[in-house]
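Structure file protein_36.csv (CSV, C-alpha atoms) is printed below.
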```csv
chain,number,residue,atom,x,y,z
F,1,THR,CA,217.4,-17.5,-45.6
F,2,GLY,CA,218.0,-20.8,-47.4
F,3,THR,CA,219.6,-22.5,-50.4
F,4,LEU,CA,218.9,-21.4,-53.9
F,5,VAL,CA,217.5,-24.5,-55.7
F,6,GLU,CA,216.2,-23.0,-59.0
F,7,SER,CA,216.5,-19.6,-60.7
F,8,ALA,CA,214.6,-18.3,-63.8
F,9,ALA,CA,214.0,-15.0,-65.4
F,10,ASP,CA,211.2,-13.9,-63.0
F,11,HIS,CA,211.3,-16.3,-60.1
F,12,ALA,CA,213.5,-18.6,-57.9
F,13,VAL,CA,213.0,-21.4,-55.5
F,14,ILE,CA,214.6,-21.2,-52.1
F,15,ASP,CA,214.9,-24.3,-49.9
F,16,VAL,CA,214.5,-23.4,-46.3
F,17,ASN,CA,214.9,-26.5,-44.0
F,18,GLY,CA,213.5,-28.8,-46.6
F,19,VAL,CA,210.6,-26.6,-47.8
F,20,GLY,CA,210.8,-25.0,-51.2
F,21,TYR,CA,209.5,-21.5,-51.4
F,22,LEU,CA,208.7,-20.1,-54.9
F,23,ILE,CA,209.5,-16.4,-54.9
F,24,LEU,CA,208.9,-13.7,-57.5
F,25,ALA,CA,211.6,-11.1,-57.7
F,26,SER,CA,213.0,-8.3,-59.8
F,27,SER,CA,215.6,-9.1,-62.4
F,28,ARG,CA,218.0,-7.0,-60.3
F,29,THR,CA,217.5,-9.2,-57.3
F,30,LEU,CA,217.6,-12.5,-59.2
F,31,SER,CA,220.9,-11.6,-60.9
F,32,ALA,CA,222.4,-10.7,-57.5
F,33,ILE,CA,221.5,-13.8,-55.5
F,34,GLY,CA,224.1,-16.1,-57.0
F,35,GLY,CA,224.1,-19.5,-58.5
F,36,THR,CA,222.2,-22.7,-57.7
F,37,GLY,CA,223.3,-24.2,-54.4
F,38,SER,CA,224.4,-20.9,-52.9
F,39,GLN,CA,223.1,-19.6,-49.5
F,40,VAL,CA,220.8,-16.6,-49.9
F,41,THR,CA,219.0,-14.2,-47.6
F,42,LEU,CA,216.1,-12.2,-49.0
F,43,TYR,CA,213.5,-9.8,-47.6
F,44,THR,CA,210.0,-10.9,-48.4
F,45,GLU,CA,206.4,-9.7,-48.8
F,46,LEU,CA,203.5,-12.1,-48.9
F,47,GLN,CA,200.5,-11.0,-50.9
F,48,VAL,CA,197.3,-12.9,-50.1
F,49,ARG,CA,194.5,-12.8,-52.6
F,50,GLU,CA,191.2,-14.6,-52.8
F,51,ASP,CA,192.7,-17.2,-55.2
F,52,SER,CA,196.4,-17.2,-54.4
F,53,MET,CA,199.2,-16.4,-52.0
F,54,THR,CA,202.3,-14.9,-53.7
F,55,LEU,CA,205.7,-14.5,-52.0
F,56,PHE,CA,207.7,-11.6,-53.4
F,57,ALA,CA,211.4,-11.3,-52.5
F,58,PHE,CA,213.9,-8.5,-52.5
F,59,GLY,CA,217.7,-8.1,-52.1
F,60,SER,CA,217.3,-5.2,-49.7
F,61,ALA,CA,214.8,-3.6,-47.3
F,62,GLY,CA,214.8,-0.5,-49.4
F,63,GLU,CA,213.7,-2.4,-52.5
F,64,ARG,CA,210.9,-4.0,-50.4
F,65,ASP,CA,209.8,-0.6,-49.1
F,66,TRP,CA,209.6,0.7,-52.7
F,67,PHE,CA,207.5,-2.4,-53.6
F,68,ARG,CA,205.1,-1.6,-50.8
F,69,LEU,CA,204.8,2.1,-51.9
F,70,LEU,CA,204.3,1.1,-55.6
F,71,THR,CA,201.7,-1.5,-54.9
F,72,GLY,CA,199.8,1.1,-52.8
F,73,VAL,CA,199.1,3.0,-56.1
F,74,GLN,CA,195.9,2.1,-57.8
F,75,GLY,CA,196.6,0.0,-60.9
F,76,VAL,CA,200.0,-1.2,-59.7
F,77,GLY,CA,200.1,-4.9,-58.9
F,78,GLY,CA,203.0,-7.0,-57.7
F,79,LYS,CA,204.3,-7.9,-61.2
F,80,VAL,CA,204.1,-4.3,-62.4
F,81,ALA,CA,206.0,-3.2,-59.3
F,82,LEU,CA,208.7,-5.8,-59.9
F,83,SER,CA,208.9,-4.6,-63.5
F,84,ILE,CA,209.6,-1.1,-62.3
F,85,LEU,CA,212.1,-2.3,-59.7
F,86,SER,CA,213.8,-4.3,-62.5
F,87,THR,CA,214.2,-1.2,-64.6
F,88,LEU,CA,215.0,1.5,-61.9
F,89,ASP,CA,216.9,1.1,-58.7
F,90,ALA,CA,215.8,2.8,-55.5
F,91,ASP,CA,217.8,6.0,-56.1
F,92,GLU,CA,216.6,6.3,-59.7
F,93,LEU,CA,213.0,5.8,-58.6
F,94,SER,CA,213.4,8.4,-55.8
F,95,GLN,CA,214.7,10.9,-58.3
F,96,ALA,CA,212.0,10.2,-60.8
F,97,VAL,CA,209.3,10.7,-58.2
F,98,ALA,CA,210.9,13.8,-56.7
F,99,ARG,CA,211.3,15.3,-60.1
F,100,GLN,CA,207.9,14.1,-61.3
F,101,ASP,CA,209.7,12.4,-64.2
F,102,LYS,CA,206.9,10.1,-65.5
F,103,ALA,CA,208.9,9.2,-68.7
F,104,MET,CA,211.6,7.6,-66.5
F,105,VAL,CA,209.0,5.4,-64.8
F,106,ALA,CA,207.2,4.6,-68.1
F,107,ARG,CA,210.4,2.8,-69.3
F,108,ALA,CA,209.3,-0.2,-67.3
F,109,ASN,CA,207.4,-3.0,-69.1
F,110,GLY,CA,203.7,-2.8,-68.5
F,111,VAL,CA,203.7,0.9,-67.4
F,112,GLY,CA,202.0,3.3,-69.7
F,113,PRO,CA,202.1,7.1,-69.6
F,114,LYS,CA,198.9,7.4,-67.6
F,115,LEU,CA,200.0,4.9,-64.9
F,116,ALA,CA,203.5,6.5,-64.8
F,117,GLU,CA,201.9,9.9,-64.1
F,118,ARG,CA,199.7,8.4,-61.4
F,119,ILE,CA,202.7,6.8,-59.7
F,120,VAL,CA,204.9,9.9,-59.6
F,121,ARG,CA,201.9,12.0,-58.5
F,122,GLU,CA,200.7,9.8,-55.7
F,123,LEU,CA,204.1,9.0,-54.4
F,124,LYS,CA,205.4,12.5,-54.4
F,125,ASP,CA,204.5,13.3,-50.8
F,126,LYS,CA,205.1,9.7,-49.5
F,127,VAL,CA,208.7,9.5,-50.6
F,128,GLY,CA,211.4,10.2,-48.0
F,129,PRO,CA,214.1,12.8,-48.4
F,130,VAL,CA,215.8,13.0,-51.8
F,131,ALA,CA,217.9,15.9,-52.8
F,132,ILE,CA,217.2,17.5,-56.2
F,133,GLY,CA,220.3,19.6,-56.5
F,134,PRO,CA,221.5,21.3,-59.6
F,135,ALA,CA,221.2,19.3,-62.8
F,136,GLY,CA,223.5,16.3,-62.7
F,137,ALA,CA,224.0,16.5,-59.0
F,138,THR,CA,224.1,13.3,-57.0
F,139,PRO,CA,221.2,12.7,-54.7
F,140,MET,CA,221.9,13.1,-51.1
F,141,SER,CA,221.6,9.9,-49.1
F,142,GLY,CA,220.1,11.6,-46.1
F,143,SER,CA,222.6,10.6,-43.4
F,144,GLY,CA,223.6,12.3,-40.1
F,145,ALA,CA,223.0,16.0,-39.6
F,146,ALA,CA,221.6,16.3,-43.2
F,147,ALA,CA,218.9,13.8,-42.5
F,148,ASP,CA,218.0,15.5,-39.2
F,149,ALA,CA,217.8,18.8,-40.9
F,150,ILE,CA,215.5,17.4,-43.6
F,151,SER,CA,213.3,16.0,-40.9
F,152,ALA,CA,213.3,19.3,-39.1
F,153,LEU,CA,212.2,21.2,-42.2
F,154,GLY,CA,209.6,18.5,-42.9
F,155,ASN,CA,208.2,19.1,-39.4
F,156,LEU,CA,207.9,22.8,-40.2
F,157,GLY,CA,205.7,22.0,-43.2
F,158,PHE,CA,208.1,21.7,-46.1
F,159,LYS,CA,207.5,18.9,-48.7
F,160,PRO,CA,210.2,16.2,-48.7
F,161,ALA,CA,211.6,17.3,-52.1
F,162,GLU,CA,211.7,21.0,-51.0
F,163,ALA,CA,213.4,20.2,-47.7
F,164,SER,CA,216.0,18.0,-49.4
F,165,ALA,CA,216.9,20.6,-52.0
F,166,ALA,CA,217.3,23.3,-49.4
F,167,VAL,CA,219.4,21.1,-47.1
F,168,ALA,CA,221.5,19.9,-50.0
F,169,ALA,CA,222.2,23.6,-51.0
F,170,ALA,CA,223.0,24.5,-47.4
F,171,GLU,CA,225.3,21.5,-47.1
F,172,ALA,CA,227.1,22.4,-50.4
F,173,ASP,CA,227.8,25.9,-48.9
F,174,LEU,CA,228.8,24.8,-45.4
F,175,GLY,CA,230.5,21.5,-46.2
F,176,ALA,CA,229.9,17.9,-45.1
F,177,GLY,CA,230.9,18.5,-41.5
F,178,ALA,CA,228.3,21.2,-40.8
F,179,THR,CA,226.3,21.1,-37.6
F,180,LEU,CA,222.6,20.5,-37.5
F,181,ASP,CA,221.9,24.0,-36.2
F,182,ALA,CA,223.9,25.6,-39.0
F,183,LEU,CA,222.3,23.4,-41.7
F,184,VAL,CA,218.7,24.1,-40.5
F,185,ARG,CA,219.3,27.9,-40.4
F,186,LEU,CA,220.9,28.1,-43.8
F,187,ALA,CA,218.4,25.7,-45.3
F,188,LEU,CA,215.5,27.8,-44.1
F,189,ARG,CA,217.1,30.9,-45.7
F,190,LYS,CA,217.6,29.0,-49.0
F,191,ALA,CA,214.1,27.6,-48.9
F,192,SER,CA,212.6,31.0,-48.5
F,193,LYS,CA,214.3,32.4,-51.7
```

Spell out the structure here as structure tokens.
Amino acid sequence: TGTLVESAADHAVIDVNGVGYLILASSRTLSAIGGTGSQVTLYTELQVREDSMTLFAFGSAGERDWFRLLTGVQGVGGKVALSILSTLDADELSQAVARQDKAMVARANGVGPKLAERIVRELKDKVGPVAIGPAGATPMSGSGAAADAISALGNLGFKPAEASAAVAAAEADLGAGATLDALVRLALRKASK
């Protein structure tokens, strides 16, 4: 948390008690932090290399978590991960990975088709619950009983995408106020079809 001193296309400088921190961030984060002189609070990730220490900053914990997942993929460094996060928000990235949509990931600068394919393939089982309902359906946020039902199906051996789709279908049939027990039972029936 500090005062925004400088902002550019790919970085900003935050003054924290008289010390200026140069941070690299996605264009999405940089456009949201406000103008020079404003108070900002950002989530950070420090990458230490043999020849440098780089501080990456994010507008939300979710964006930081995606950064960590992306940089865990071979061939994805911090700048490429920021490029992806500048192009796709967390929901779009979740959908792309769950649907194995490498073309969507390849829209980011510096991401070719082979790297995009590696990203969606390696992150498929690492990504949390995302509903892949019928075409055009909104992804489920995974809150309340639905999130617990997805977790229960995951504990039974279902992949996150399968569990999310089954719970989303069950929730569509039962309504948003469905109990955990009812959701799990119907989701199991839907998943077995």

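With distances restricted to all atoms listed in the file, F:Ala25 is the closest residue to F:Lys79 from F:Ala25, F:Val16, F:Ala178, F:Ala8.
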
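The shortest atom-to-atom distance to F:Gly75, with all atoms listed in the file taken into account, belongs to F:Arg118 out of F:Lys102, F:Arg49, F:Arg118, F:Arg189.
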
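Between atom CA of F:Leu69 and atom CA of F:Ser151 the separation is 19.7 Å.
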
> Quick one: of F:Ile150, F:Leu186, F:Val13, F:Val73, who's nearest to F:Glu122, counting all atoms listed in the file?
Replying inline: F:Val73

> Which polymer residues have any atom within 12 Å of an atom of F:Gln47, counting all atoms listed in the file, with same-chain residues fewer than 4 positions away left out, as a PyMOL selection string?
Replying inline: chain F and resi 23-24+51-57+67-68+71+77-79

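Across the structure, atom CA of F:Ala182 and atom CA of F:Lys124 are spaced 27.4 Å apart.
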
List the spatial neighbours of stretch 29-42 of chain F as an mmCIF file with C-alpha atoms, in the coordinates of the input - criterion: any atom at most 7 Å away, only C-alpha atoms, same-chain residues fewer than 2 positions off excluded.
```
data_model
loop_
_atom_site.group_PDB
_atom_site.id
_atom_site.type_symbol
_atom_site.label_atom_id
_atom_site.label_comp_id
_atom_site.auth_asym_id
_atom_site.auth_seq_id
_atom_site.Cartn_x
_atom_site.Cartn_y
_atom_site.Cartn_z
ATOM 1 C CA THR F 1 217.400 -17.500 -45.600
ATOM 2 C CA GLY F 2 218.000 -20.800 -47.400
ATOM 3 C CA THR F 3 219.600 -22.500 -50.400
ATOM 4 C CA LEU F 4 218.900 -21.400 -53.900
ATOM 5 C CA VAL F 5 217.500 -24.500 -55.700
ATOM 6 C CA GLU F 6 216.200 -23.000 -59.000
ATOM 7 C CA ALA F 25 211.600 -11.100 -57.700
ATOM 8 C CA SER F 26 213.000 -8.300 -59.800
ATOM 9 C CA SER F 27 215.600 -9.100 -62.400
ATOM 10 C CA THR F 44 210.000 -10.900 -48.400
ATOM 11 C CA ALA F 57 211.400 -11.300 -52.500
ATOM 12 C CA PHE F 58 213.900 -8.500 -52.500
ATOM 13 C CA GLY F 59 217.700 -8.100 -52.100
#
```

> What's the 12 Å shell around F:Ala170, counting all atoms listed in the file, without same-chain residues fewer than 5 positions away, as a PyMOL selection string?
Replying inline: chain F and resi 131+133+145-146+149-150+163-165+175-191

Go ahead and write the selection's residues with C-alpha atoms as a PDB file, in the frame of the given file.
```
ATOM      1  CA  ALA F 131     217.900  15.900 -52.800  1.00  0.00           C
ATOM      2  CA  GLY F 133     220.300  19.600 -56.500  1.00  0.00           C
ATOM      3  CA  ALA F 145     223.000  16.000 -39.600  1.00  0.00           C
ATOM      4  CA  ALA F 146     221.600  16.300 -43.200  1.00  0.00           C
ATOM      5  CA  ALA F 149     217.800  18.800 -40.900  1.00  0.00           C
ATOM      6  CA  ILE F 150     215.500  17.400 -43.600  1.00  0.00           C
ATOM      7  CA  ALA F 163     213.400  20.200 -47.700  1.00  0.00           C
ATOM      8  CA  SER F 164     216.000  18.000 -49.400  1.00  0.00           C
ATOM      9  CA  ALA F 165     216.900  20.600 -52.000  1.00  0.00           C
ATOM     10  CA  GLY F 175     230.500  21.500 -46.200  1.00  0.00           C
ATOM     11  CA  ALA F 176     229.900  17.900 -45.100  1.00  0.00           C
ATOM     12  CA  GLY F 177     230.900  18.500 -41.500  1.00  0.00           C
ATOM     13  CA  ALA F 178     228.300  21.200 -40.800  1.00  0.00           C
ATOM     14  CA  THR F 179     226.300  21.100 -37.600  1.00  0.00           C
ATOM     15  CA  LEU F 180     222.600  20.500 -37.500  1.00  0.00           C
ATOM     16  CA  ASP F 181     221.900  24.000 -36.200  1.00  0.00           C
ATOM     17  CA  ALA F 182     223.900  25.600 -39.000  1.00  0.00           C
ATOM     18  CA  LEU F 183     222.300  23.400 -41.700  1.00  0.00           C
ATOM     19  CA  VAL F 184     218.700  24.100 -40.500  1.00  0.00           C
ATOM     20  CA  ARG F 185     219.300  27.900 -40.400  1.00  0.00           C
ATOM     21  CA  LEU F 186     220.900  28.100 -43.800  1.00  0.00           C
ATOM     22  CA  ALA F 187     218.400  25.700 -45.300  1.00  0.00           C
ATOM     23  CA  LEU F 188     215.500  27.800 -44.100  1.00  0.00           C
ATOM     24  CA  ARG F 189     217.100  30.900 -45.700  1.00  0.00           C
ATOM     25  CA  LYS F 190     217.600  29.000 -49.000  1.00  0.00           C
ATOM     26  CA  ALA F 191     214.100  27.600 -48.900  1.00  0.00           C
TER      27      ALA F 191
END
```

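Distances here use only C-alpha atoms; by that measure, the residue among F:Asp10, F:Tyr21, F:Gly154, F:Trp66 closest to F:Leu46 is F:Tyr21.
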
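Counting from atom CA of F:Arg64, the distance to atom CA of F:Leu156 is 28.8 Å.
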